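Chemist: Structure file entry.pdb (PDB, C-alpha atoms and all ligand atoms) right here:
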```
ATOM      1  CA  MET A  13       8.454 -11.419  -7.822  1.00  0.00           C
ATOM      2  CA  ARG A  14      11.379 -13.679  -6.887  1.00  0.00           C
ATOM      3  CA  LEU A  15      11.989 -13.642  -3.175  1.00  0.00           C
ATOM      4  CA  ARG A  16      15.162 -14.358  -1.280  1.00  0.00           C
ATOM      5  CA  ASN A  17      14.408 -15.949   2.055  1.00  0.00           C
ATOM      6  CA  VAL A  18      15.916 -13.949   4.896  1.00  0.00           C
ATOM      7  CA  ARG A  19      16.674 -16.349   7.701  1.00  0.00           C
ATOM      8  CA  GLY A  20      15.129 -15.376  11.027  1.00  0.00           C
ATOM      9  CA  SER A  21      12.952 -12.644   9.495  1.00  0.00           C
ATOM     10  CA  ARG A  22       9.662 -14.179  10.604  1.00  0.00           C
ATOM     11  CA  GLU A  23      10.862 -14.399  14.224  1.00  0.00           C
ATOM     12  CA  ALA A  24      12.372 -10.892  14.135  1.00  0.00           C
ATOM     13  CA  ILE A  25       9.084  -9.492  12.857  1.00  0.00           C
ATOM     14  CA  ALA A  26       7.075 -11.339  15.474  1.00  0.00           C
ATOM     15  CA  GLU A  27       9.287  -9.795  18.172  1.00  0.00           C
ATOM     16  CA  SER A  28       9.494  -6.274  16.752  1.00  0.00           C
ATOM     17  CA  GLU A  29       7.761  -3.450  18.597  1.00  0.00           C
ATOM     18  CA  PHE A  30       6.931  -1.922  15.202  1.00  0.00           C
ATOM     19  CA  THR A  31       4.859  -4.809  13.864  1.00  0.00           C
ATOM     20  CA  VAL A  32       1.379  -5.561  15.141  1.00  0.00           C
ATOM     21  CA  ASN A  33       1.024  -9.325  15.295  1.00  0.00           C
ATOM     22  CA  LYS A  34      -2.431  -9.421  16.872  1.00  0.00           C
ATOM     23  CA  PHE A  35      -3.750  -6.965  14.314  1.00  0.00           C
ATOM     24  CA  LYS A  36      -7.259  -8.439  14.371  1.00  0.00           C
ATOM     25  CA  GLU A  37      -7.648  -7.222  17.944  1.00  0.00           C
ATOM     26  CA  TYR A  38      -7.248  -3.646  16.732  1.00  0.00           C
ATOM     27  CA  ALA A  39      -9.970  -3.742  14.060  1.00  0.00           C
ATOM     28  CA  GLY A  40     -12.064  -0.644  14.729  1.00  0.00           C
ATOM     29  CA  ARG A  41      -9.670   0.418  17.561  1.00  0.00           C
ATOM     30  CA  TRP A  42      -6.473   1.526  15.851  1.00  0.00           C
ATOM     31  CA  LYS A  43      -6.728   4.946  17.475  1.00  0.00           C
ATOM     32  CA  GLU A  44      -6.093   3.193  20.799  1.00  0.00           C
ATOM     33  CA  LEU A  45      -2.838   1.800  19.496  1.00  0.00           C
ATOM     34  CA  PHE A  46      -1.696   5.196  18.214  1.00  0.00           C
ATOM     35  CA  GLY A  47      -3.143   7.058  21.209  1.00  0.00           C
ATOM     36  CA  ASN A  48      -4.834   9.717  19.070  1.00  0.00           C
ATOM     37  CA  ASP A  49      -7.656  10.367  16.558  1.00  0.00           C
ATOM     38  CA  HIS A  50      -5.462  11.147  13.573  1.00  0.00           C
ATOM     39  CA  PRO A  51      -6.460   9.773  10.155  1.00  0.00           C
ATOM     40  CA  ILE A  52      -5.183   6.296   9.288  1.00  0.00           C
ATOM     41  CA  ARG A  53      -3.616   5.673   5.900  1.00  0.00           C
ATOM     42  CA  ILE A  54      -2.404   2.276   4.747  1.00  0.00           C
ATOM     43  CA  GLU A  55      -0.094   1.012   2.026  1.00  0.00           C
ATOM     44  CA  ILE A  56      -0.810  -2.499   0.779  1.00  0.00           C
ATOM     45  CA  GLY A  57       2.210  -4.377  -0.581  1.00  0.00           C
ATOM     46  CA  MET A  58       4.660  -1.857   0.876  1.00  0.00           C
ATOM     47  CA  GLY A  59       7.757  -3.924   0.082  1.00  0.00           C
ATOM     48  CA  LYS A  60      10.818  -2.513   1.866  1.00  0.00           C
ATOM     49  CA  GLY A  61       8.835   0.514   3.020  1.00  0.00           C
ATOM     50  CA  LYS A  62      10.589   3.555   1.524  1.00  0.00           C
ATOM     51  CA  PHE A  63       7.333   5.236   0.467  1.00  0.00           C
ATOM     52  CA  ILE A  64       5.331   4.833   3.678  1.00  0.00           C
ATOM     53  CA  THR A  65       8.328   5.606   5.875  1.00  0.00           C
ATOM     54  CA  GLU A  66       8.904   8.916   4.073  1.00  0.00           C
ATOM     55  CA  LEU A  67       5.201   9.752   4.295  1.00  0.00           C
ATOM     56  CA  ALA A  68       5.222   9.070   8.035  1.00  0.00           C
ATOM     57  CA  LYS A  69       8.311  11.235   8.562  1.00  0.00           C
ATOM     58  CA  ASN A  70       6.772  14.114   6.573  1.00  0.00           C
ATOM     59  CA  ASN A  71       3.275  13.940   8.115  1.00  0.00           C
ATOM     60  CA  PRO A  72       3.378  13.449  11.889  1.00  0.00           C
ATOM     61  CA  GLU A  73      -0.343  14.301  12.143  1.00  0.00           C
ATOM     62  CA  ILE A  74      -1.312  11.200  10.136  1.00  0.00           C
ATOM     63  CA  ASN A  75      -0.982   7.583  11.250  1.00  0.00           C
ATOM     64  CA  TYR A  76       0.398   5.059   8.776  1.00  0.00           C
ATOM     65  CA  ILE A  77       0.130   1.293   8.637  1.00  0.00           C
ATOM     66  CA  GLY A  78       2.242  -0.610   6.133  1.00  0.00           C
ATOM     67  CA  ILE A  79       1.001  -4.023   5.031  1.00  0.00           C
ATOM     68  CA  GLU A  80       3.266  -6.632   3.464  1.00  0.00           C
ATOM     69  CA  LYS A  81       2.759 -10.331   2.865  1.00  0.00           C
ATOM     70  CA  TYR A  82       6.350 -11.525   3.181  1.00  0.00           C
ATOM     71  CA  SER A  83       8.614 -11.351   6.237  1.00  0.00           C
ATOM     72  CA  SER A  84      11.737 -11.428   4.073  1.00  0.00           C
ATOM     73  CA  VAL A  85      10.700  -8.092   2.544  1.00  0.00           C
ATOM     74  CA  LEU A  86       9.074  -6.498   5.575  1.00  0.00           C
ATOM     75  CA  ILE A  87      12.154  -7.067   7.715  1.00  0.00           C
ATOM     76  CA  ARG A  88      13.976  -4.396   5.651  1.00  0.00           C
ATOM     77  CA  ALA A  89      11.355  -1.796   6.581  1.00  0.00           C
ATOM     78  CA  VAL A  90      11.418  -2.873  10.219  1.00  0.00           C
ATOM     79  CA  GLU A  91      15.209  -2.462  10.344  1.00  0.00           C
ATOM     80  CA  LYS A  92      15.004   1.081   8.905  1.00  0.00           C
ATOM     81  CA  ARG A  93      12.088   1.924  11.210  1.00  0.00           C
ATOM     82  CA  LYS A  94      14.260   1.300  14.292  1.00  0.00           C
ATOM     83  CA  GLU A  95      16.421   4.296  13.424  1.00  0.00           C
ATOM     84  CA  LEU A  96      13.497   6.740  13.384  1.00  0.00           C
ATOM     85  CA  GLN A  97      12.139   8.780  16.273  1.00  0.00           C
ATOM     86  CA  ILE A  98       8.517   8.752  15.061  1.00  0.00           C
ATOM     87  CA  ASP A  99       5.356   7.323  16.598  1.00  0.00           C
ATOM     88  CA  ASN A 100       2.966   7.279  13.626  1.00  0.00           C
ATOM     89  CA  LEU A 101       4.115   4.199  11.681  1.00  0.00           C
ATOM     90  CA  VAL A 102       3.542   0.494  12.299  1.00  0.00           C
ATOM     91  CA  PHE A 103       3.557  -2.576  10.088  1.00  0.00           C
ATOM     92  CA  ILE A 104       1.415  -5.668   9.665  1.00  0.00           C
ATOM     93  CA  ARG A 105       2.603  -8.872   8.033  1.00  0.00           C
ATOM     94  CA  MET A 106      -0.469 -10.225   6.349  1.00  0.00           C
ATOM     95  CA  ASP A 107      -2.096 -11.018   3.048  1.00  0.00           C
ATOM     96  CA  ALA A 108      -4.426  -8.192   2.015  1.00  0.00           C
ATOM     97  CA  VAL A 109      -7.269 -10.700   1.593  1.00  0.00           C
ATOM     98  CA  GLU A 110      -7.551 -10.352   5.393  1.00  0.00           C
ATOM     99  CA  LEU A 111      -8.126  -6.576   5.293  1.00  0.00           C
ATOM    100  CA  GLU A 112     -11.662  -6.734   6.642  1.00  0.00           C
ATOM    101  CA  ASP A 113     -10.406  -8.581   9.735  1.00  0.00           C
ATOM    102  CA  ALA A 114      -7.799  -5.900  10.361  1.00  0.00           C
ATOM    103  CA  PHE A 115      -9.900  -2.724  10.099  1.00  0.00           C
ATOM    104  CA  GLY A 116     -13.341  -1.583  11.142  1.00  0.00           C
ATOM    105  CA  ALA A 117     -15.945  -0.090   8.797  1.00  0.00           C
ATOM    106  CA  GLY A 118     -14.757   3.282   7.475  1.00  0.00           C
ATOM    107  CA  GLU A 119     -11.684   3.248   9.707  1.00  0.00           C
ATOM    108  CA  VAL A 120      -9.193   3.945   6.920  1.00  0.00           C
ATOM    109  CA  ASP A 121      -8.755   7.391   5.380  1.00  0.00           C
ATOM    110  CA  ARG A 122      -6.615   6.470   2.365  1.00  0.00           C
ATOM    111  CA  ILE A 123      -5.188   3.374   0.668  1.00  0.00           C
ATOM    112  CA  TYR A 124      -1.945   3.396  -1.307  1.00  0.00           C
ATOM    113  CA  LEU A 125      -1.143   0.683  -3.857  1.00  0.00           C
ATOM    114  CA  ASN A 126       2.291   0.992  -5.412  1.00  0.00           C
ATOM    115  CA  PHE A 127       3.656  -1.213  -8.190  1.00  0.00           C
ATOM    116  CA  SER A 128       1.359  -4.044  -7.172  1.00  0.00           C
ATOM    117  CA  ASP A 129       2.023  -7.513  -8.545  1.00  0.00           C
ATOM    118  CA  PRO A 130       0.377  -7.711 -12.013  1.00  0.00           C
ATOM    119  CA  TRP A 131      -0.884 -11.328 -11.920  1.00  0.00           C
ATOM    120  CA  PRO A 132      -0.944 -11.395 -15.759  1.00  0.00           C
ATOM    121  CA  LYS A 133      -2.969 -14.592 -16.199  1.00  0.00           C
ATOM    122  CA  ASP A 134      -6.733 -13.983 -16.542  1.00  0.00           C
ATOM    123  CA  ARG A 135      -7.510 -16.756 -14.088  1.00  0.00           C
ATOM    124  CA  HIS A 136      -5.526 -14.853 -11.417  1.00  0.00           C
ATOM    125  CA  ALA A 137      -7.215 -11.491 -12.047  1.00  0.00           C
ATOM    126  CA  LYS A 138      -8.995 -11.485  -8.711  1.00  0.00           C
ATOM    127  CA  ARG A 139      -5.630 -11.505  -6.945  1.00  0.00           C
ATOM    128  CA  ARG A 140      -4.749  -8.100  -8.463  1.00  0.00           C
ATOM    129  CA  LEU A 141      -4.988  -5.431  -5.781  1.00  0.00           C
ATOM    130  CA  THR A 142      -7.085  -3.309  -8.178  1.00  0.00           C
ATOM    131  CA  SER A 143      -9.604  -6.097  -8.905  1.00  0.00           C
ATOM    132  CA  ALA A 144     -13.299  -5.650  -8.121  1.00  0.00           C
ATOM    133  CA  GLN A 145     -12.831  -8.228  -5.352  1.00  0.00           C
ATOM    134  CA  PHE A 146     -10.242  -6.032  -3.636  1.00  0.00           C
ATOM    135  CA  PHE A 147     -12.270  -2.850  -4.207  1.00  0.00           C
ATOM    136  CA  SER A 148     -15.177  -4.492  -2.438  1.00  0.00           C
ATOM    137  CA  ARG A 149     -12.833  -5.005   0.566  1.00  0.00           C
ATOM    138  CA  TYR A 150     -11.689  -1.361   0.301  1.00  0.00           C
ATOM    139  CA  ASP A 151     -15.351  -0.310   0.258  1.00  0.00           C
ATOM    140  CA  LYS A 152     -15.806  -1.842   3.713  1.00  0.00           C
ATOM    141  CA  ILE A 153     -12.805  -0.273   5.434  1.00  0.00           C
ATOM    142  CA  LEU A 154     -12.486   3.092   3.680  1.00  0.00           C
ATOM    143  CA  LYS A 155     -14.378   6.106   4.993  1.00  0.00           C
ATOM    144  CA  SER A 156     -17.003   7.621   2.681  1.00  0.00           C
ATOM    145  CA  ASP A 157     -14.734  10.324   1.228  1.00  0.00           C
ATOM    146  CA  GLY A 158     -11.625   8.134   1.367  1.00  0.00           C
ATOM    147  CA  ILE A 159      -9.487   7.573  -1.714  1.00  0.00           C
ATOM    148  CA  VAL A 160      -7.315   4.897  -3.268  1.00  0.00           C
ATOM    149  CA  GLU A 161      -4.077   5.947  -4.978  1.00  0.00           C
ATOM    150  CA  PHE A 162      -2.411   3.519  -7.380  1.00  0.00           C
ATOM    151  CA  LYS A 163       0.914   3.784  -9.226  1.00  0.00           C
ATOM    152  CA  THR A 164       2.416   1.291 -11.684  1.00  0.00           C
ATOM    153  CA  ASP A 165       4.606   1.145 -14.772  1.00  0.00           C
ATOM    154  CA  ASN A 166       2.590  -1.817 -16.070  1.00  0.00           C
ATOM    155  CA  VAL A 167       0.250  -0.454 -18.755  1.00  0.00           C
ATOM    156  CA  SER A 168      -1.798  -3.668 -19.040  1.00  0.00           C
ATOM    157  CA  LEU A 169      -2.431  -3.663 -15.303  1.00  0.00           C
ATOM    158  CA  PHE A 170      -3.236   0.050 -15.417  1.00  0.00           C
ATOM    159  CA  ASP A 171      -5.721  -0.394 -18.314  1.00  0.00           C
ATOM    160  CA  PHE A 172      -7.318  -3.282 -16.437  1.00  0.00           C
ATOM    161  CA  SER A 173      -7.570  -1.118 -13.294  1.00  0.00           C
ATOM    162  CA  LEU A 174      -9.172   1.865 -15.059  1.00  0.00           C
ATOM    163  CA  GLU A 175     -11.875  -0.377 -16.482  1.00  0.00           C
ATOM    164  CA  GLU A 176     -12.322  -2.568 -13.412  1.00  0.00           C
ATOM    165  CA  ILE A 177     -12.703   0.310 -10.940  1.00  0.00           C
ATOM    166  CA  ASN A 178     -15.588   1.765 -12.919  1.00  0.00           C
ATOM    167  CA  SER A 179     -17.441  -1.545 -12.441  1.00  0.00           C
ATOM    168  CA  THR A 180     -17.283  -1.109  -8.630  1.00  0.00           C
ATOM    169  CA  LYS A 181     -18.728   1.374  -6.132  1.00  0.00           C
ATOM    170  CA  PHE A 182     -15.716   3.560  -6.939  1.00  0.00           C
ATOM    171  CA  LYS A 183     -14.851   5.765  -9.899  1.00  0.00           C
ATOM    172  CA  VAL A 184     -11.554   6.989 -11.292  1.00  0.00           C
ATOM    173  CA  GLU A 185     -11.304  10.637 -10.283  1.00  0.00           C
ATOM    174  CA  SER A 186      -8.075  11.423 -12.140  1.00  0.00           C
ATOM    175  CA  TYR A 187      -5.320   9.524 -13.911  1.00  0.00           C
ATOM    176  CA  THR A 188      -2.211   9.813 -16.053  1.00  0.00           C
ATOM    177  CA  TYR A 189      -0.107   7.434 -18.141  1.00  0.00           C
ATOM    178  CA  ASP A 190       2.934   9.648 -17.603  1.00  0.00           C
ATOM    179  CA  LEU A 191       3.221  10.896 -14.042  1.00  0.00           C
ATOM    180  CA  TYR A 192       6.666  12.432 -14.563  1.00  0.00           C
ATOM    181  CA  GLY A 193       5.584  14.051 -17.865  1.00  0.00           C
ATOM    182  CA  ASP A 194       3.845  16.924 -16.070  1.00  0.00           C
ATOM    183  CA  LYS A 195       5.500  17.773 -12.784  1.00  0.00           C
ATOM    184  CA  ASN A 196       3.063  20.650 -12.184  1.00  0.00           C
ATOM    185  CA  SER A 197       0.045  18.360 -12.225  1.00  0.00           C
ATOM    186  CA  SER A 198      -1.742  17.712  -8.937  1.00  0.00           C
ATOM    187  CA  LEU A 199      -1.122  13.982  -9.474  1.00  0.00           C
ATOM    188  CA  TYR A 200       2.652  14.580  -9.321  1.00  0.00           C
ATOM    189  CA  VAL A 201       3.081  17.436  -6.813  1.00  0.00           C
ATOM    190  CA  GLY A 202       4.533  16.028  -3.578  1.00  0.00           C
ATOM    191  CA  ASN A 203       5.224  12.660  -5.245  1.00  0.00           C
ATOM    192  CA  ILE A 204       7.189  10.240  -3.094  1.00  0.00           C
ATOM    193  CA  SER A 205       8.849   7.509  -5.095  1.00  0.00           C
ATOM    194  CA  THR A 206       8.921   3.874  -4.066  1.00  0.00           C
ATOM    195  CA  GLU A 207      11.834   1.440  -4.432  1.00  0.00           C
ATOM    196  CA  TYR A 208      10.325  -0.026  -7.602  1.00  0.00           C
ATOM    197  CA  GLU A 209       9.434   3.385  -8.966  1.00  0.00           C
ATOM    198  CA  GLU A 210      13.042   4.578  -8.689  1.00  0.00           C
ATOM    199  CA  LYS A 211      14.255   1.567 -10.667  1.00  0.00           C
ATOM    200  CA  PHE A 212      11.605   1.935 -13.368  1.00  0.00           C
ATOM    201  CA  VAL A 213      12.100   5.683 -13.769  1.00  0.00           C
ATOM    202  CA  GLU A 214      15.846   5.097 -14.136  1.00  0.00           C
ATOM    203  CA  LYS A 215      15.118   2.539 -16.886  1.00  0.00           C
ATOM    204  CA  GLY A 216      13.000   5.148 -18.676  1.00  0.00           C
ATOM    205  CA  ASN A 217       9.630   3.474 -18.035  1.00  0.00           C
ATOM    206  CA  LYS A 218       6.649   5.782 -17.814  1.00  0.00           C
ATOM    207  CA  ILE A 219       4.788   5.762 -14.517  1.00  0.00           C
ATOM    208  CA  CYS A 220       0.986   5.575 -14.506  1.00  0.00           C
ATOM    209  CA  LYS A 221      -1.081   6.856 -11.593  1.00  0.00           C
ATOM    210  CA  LEU A 222      -4.771   6.972 -10.773  1.00  0.00           C
ATOM    211  CA  ILE A 223      -6.841   8.214  -7.886  1.00  0.00           C
ATOM    212  CA  ALA A 224     -10.162   6.506  -7.185  1.00  0.00           C
ATOM    213  CA  CYS A 225     -12.974   7.707  -4.938  1.00  0.00           C
ATOM    214  CA  ARG A 226     -16.564   6.593  -4.286  1.00  0.00           C
ATOM    215  CA  ALA A 227     -18.813   6.923  -7.356  1.00  0.00           C
TER     216      ALA A 227
HETATM  217  N1  LIG B 301       5.282  -1.121  -3.149  1.00  0.00           N
HETATM  218  C1  LIG B 301       6.687  -1.479  -3.229  1.00  0.00           C
HETATM  219  C2  LIG B 301       7.378  -0.602  -4.239  1.00  0.00           C
HETATM  220  O1  LIG B 301       6.692   0.053  -5.031  1.00  0.00           O
HETATM  221  O2  LIG B 301       8.624  -0.535  -4.225  1.00  0.00           O
HETATM  222  C3  LIG B 301       6.865  -2.970  -3.559  1.00  0.00           C
HETATM  223  C4  LIG B 301       6.318  -3.411  -4.891  1.00  0.00           C
HETATM  224  S1  LIG B 301       6.440  -5.174  -5.134  1.00  0.00           S
HETATM  225  C5  LIG B 301       6.308  -5.389  -6.851  1.00  0.00           C
HETATM  226  C6  LIG B 301       4.854  -5.738  -4.576  1.00  0.00           C
HETATM  227  C7  LIG B 301       4.831  -6.030  -3.091  1.00  0.00           C
HETATM  228  O3  LIG B 301       3.497  -6.320  -2.712  1.00  0.00           O
HETATM  229  C8  LIG B 301       5.649  -7.245  -2.723  1.00  0.00           C
HETATM  230  O4  LIG B 301       6.490  -6.920  -1.634  1.00  0.00           O
HETATM  231  C9  LIG B 301       4.615  -8.299  -2.345  1.00  0.00           C
HETATM  232  O5  LIG B 301       5.075  -9.213  -1.375  1.00  0.00           O
HETATM  233  C10 LIG B 301       3.482  -7.440  -1.841  1.00  0.00           C
HETATM  234  N2  LIG B 301       2.162  -8.051  -1.984  1.00  0.00           N
HETATM  235  C11 LIG B 301       1.644  -8.607  -3.104  1.00  0.00           C
HETATM  236  N3  LIG B 301       0.414  -9.077  -2.885  1.00  0.00           N
HETATM  237  C12 LIG B 301       0.122  -8.802  -1.592  1.00  0.00           C
HETATM  238  C13 LIG B 301      -0.998  -9.054  -0.765  1.00  0.00           C
HETATM  239  N4  LIG B 301      -2.071  -9.715  -1.246  1.00  0.00           N
HETATM  240  N5  LIG B 301      -0.968  -8.654   0.512  1.00  0.00           N
HETATM  241  C14 LIG B 301       0.139  -8.014   1.002  1.00  0.00           C
HETATM  242  N6  LIG B 301       1.239  -7.754   0.270  1.00  0.00           N
HETATM  243  C15 LIG B 301       1.239  -8.140  -1.007  1.00  0.00           C
END
```
What would the structure in this file look like if it were written as structure tokens?
Ligand code: SAM

Modeler:
Amino acid sequence: MRLRNVRGSREAIAESEFTVNKFKEYAGRWKELFGNDHPIRIEIGMGKGKFITELAKNNPEINYIGIEKYSSVLIRAVEKRKELQIDNLVFIRMDAVELEDAFGAGEVDRIYLNFSDPWPKDRHAKRRLTSAQFFSRYDKILKSDGIVEFKTDNVSLFDFSLEEINSTKFKVESYTYDLYGDKNSSLYVGNISTEYEEKFVEKGNKICKLIACRA
């Protein structure tokens, strides 16, 4: 993805009350930050945050943490977050390779991956957020009946993910290559689109989705 640098975004994020800079200090203690025992759901690679922000608005009884690597992207979510009177959404600027430093064992209830970068070269496969390497990180932080939800329009990445997940401690519980093709299906009902999803649907691309749980 080509990124436009947004001047001052790193500083603005460091100063924002909605981003947790010392996130490692909260590993295993996120309920203290939120001040309640509600389940914690995270989106990795949240981009400008439309998806997780809508989820947080719709589900006040669940706590959400959005994770994004780049300040220039995250700053957009932080700006929108300021306008909302909600207390169940915070952000972390970090690379997801650090997940195990950010969360305790079994602390996370659900992981969302939306339109993750495909890393098409074989030698970069372990950087894909649906690689076995990432699923082994998810295994550490996700509670025993926790799930991973993944959406993409990239069929090669989706095929890779279906095969890869079955080589981990997880299994694919359900999946579709055409999420919008059956709007009555449980995979679609309540669907919240992401920024990328809106663009791809408008272009006529089919959206793939899978849900993975422990095998
Ligand atoms: N999820 C958003 C959507 O669907 O509109 C954004 C999709 S965009 C293609 C992928 C996002 O994931 C980018 O903002 C990128 O910076 C972020 N990302 C990629 N790898 C990441 C990683 N290892 N850790 C955190 N964020 C990552």

Chemist: Please check which protein, DNA or RNA residues sit within 10 Å of ligand LIG 301 (chain B), counting all atoms listed in the file, and write them as a ChimeraX atom specification.

Modeler: /A:13-15,55-64,78-86,104-111,124-131,139-141,146,162-164,205-212

Chemist: Would you list the contacts of segment 168-178 of chain A as a ChimeraX atom specification, taking every protein, DNA or RNA residue within 12 Å and counting all atoms listed in the file, but skipping same-chain residues closer than 5 positions in sequence?

Modeler: /A:125-134,137-148,150-151,160-163,183-190,218-227

Chemist: For atom CA of Ala117 of chain A and atom CA of Ile153 of chain A, quote the distance in Å rounded to one decimal.

Modeler: 4.6 Å

Chemist: For atom CA of Leu101 of chain A and atom CA of Ser156 of chain A, determine how far apart the two atoms are, in Å to one decimal place.

Modeler: 23.2 Å

Chemist: Mind pulling up the distance from atom CA of Leu67 of chain A to atom CA of Gln97 of chain A?

Modeler: 13.9 Å
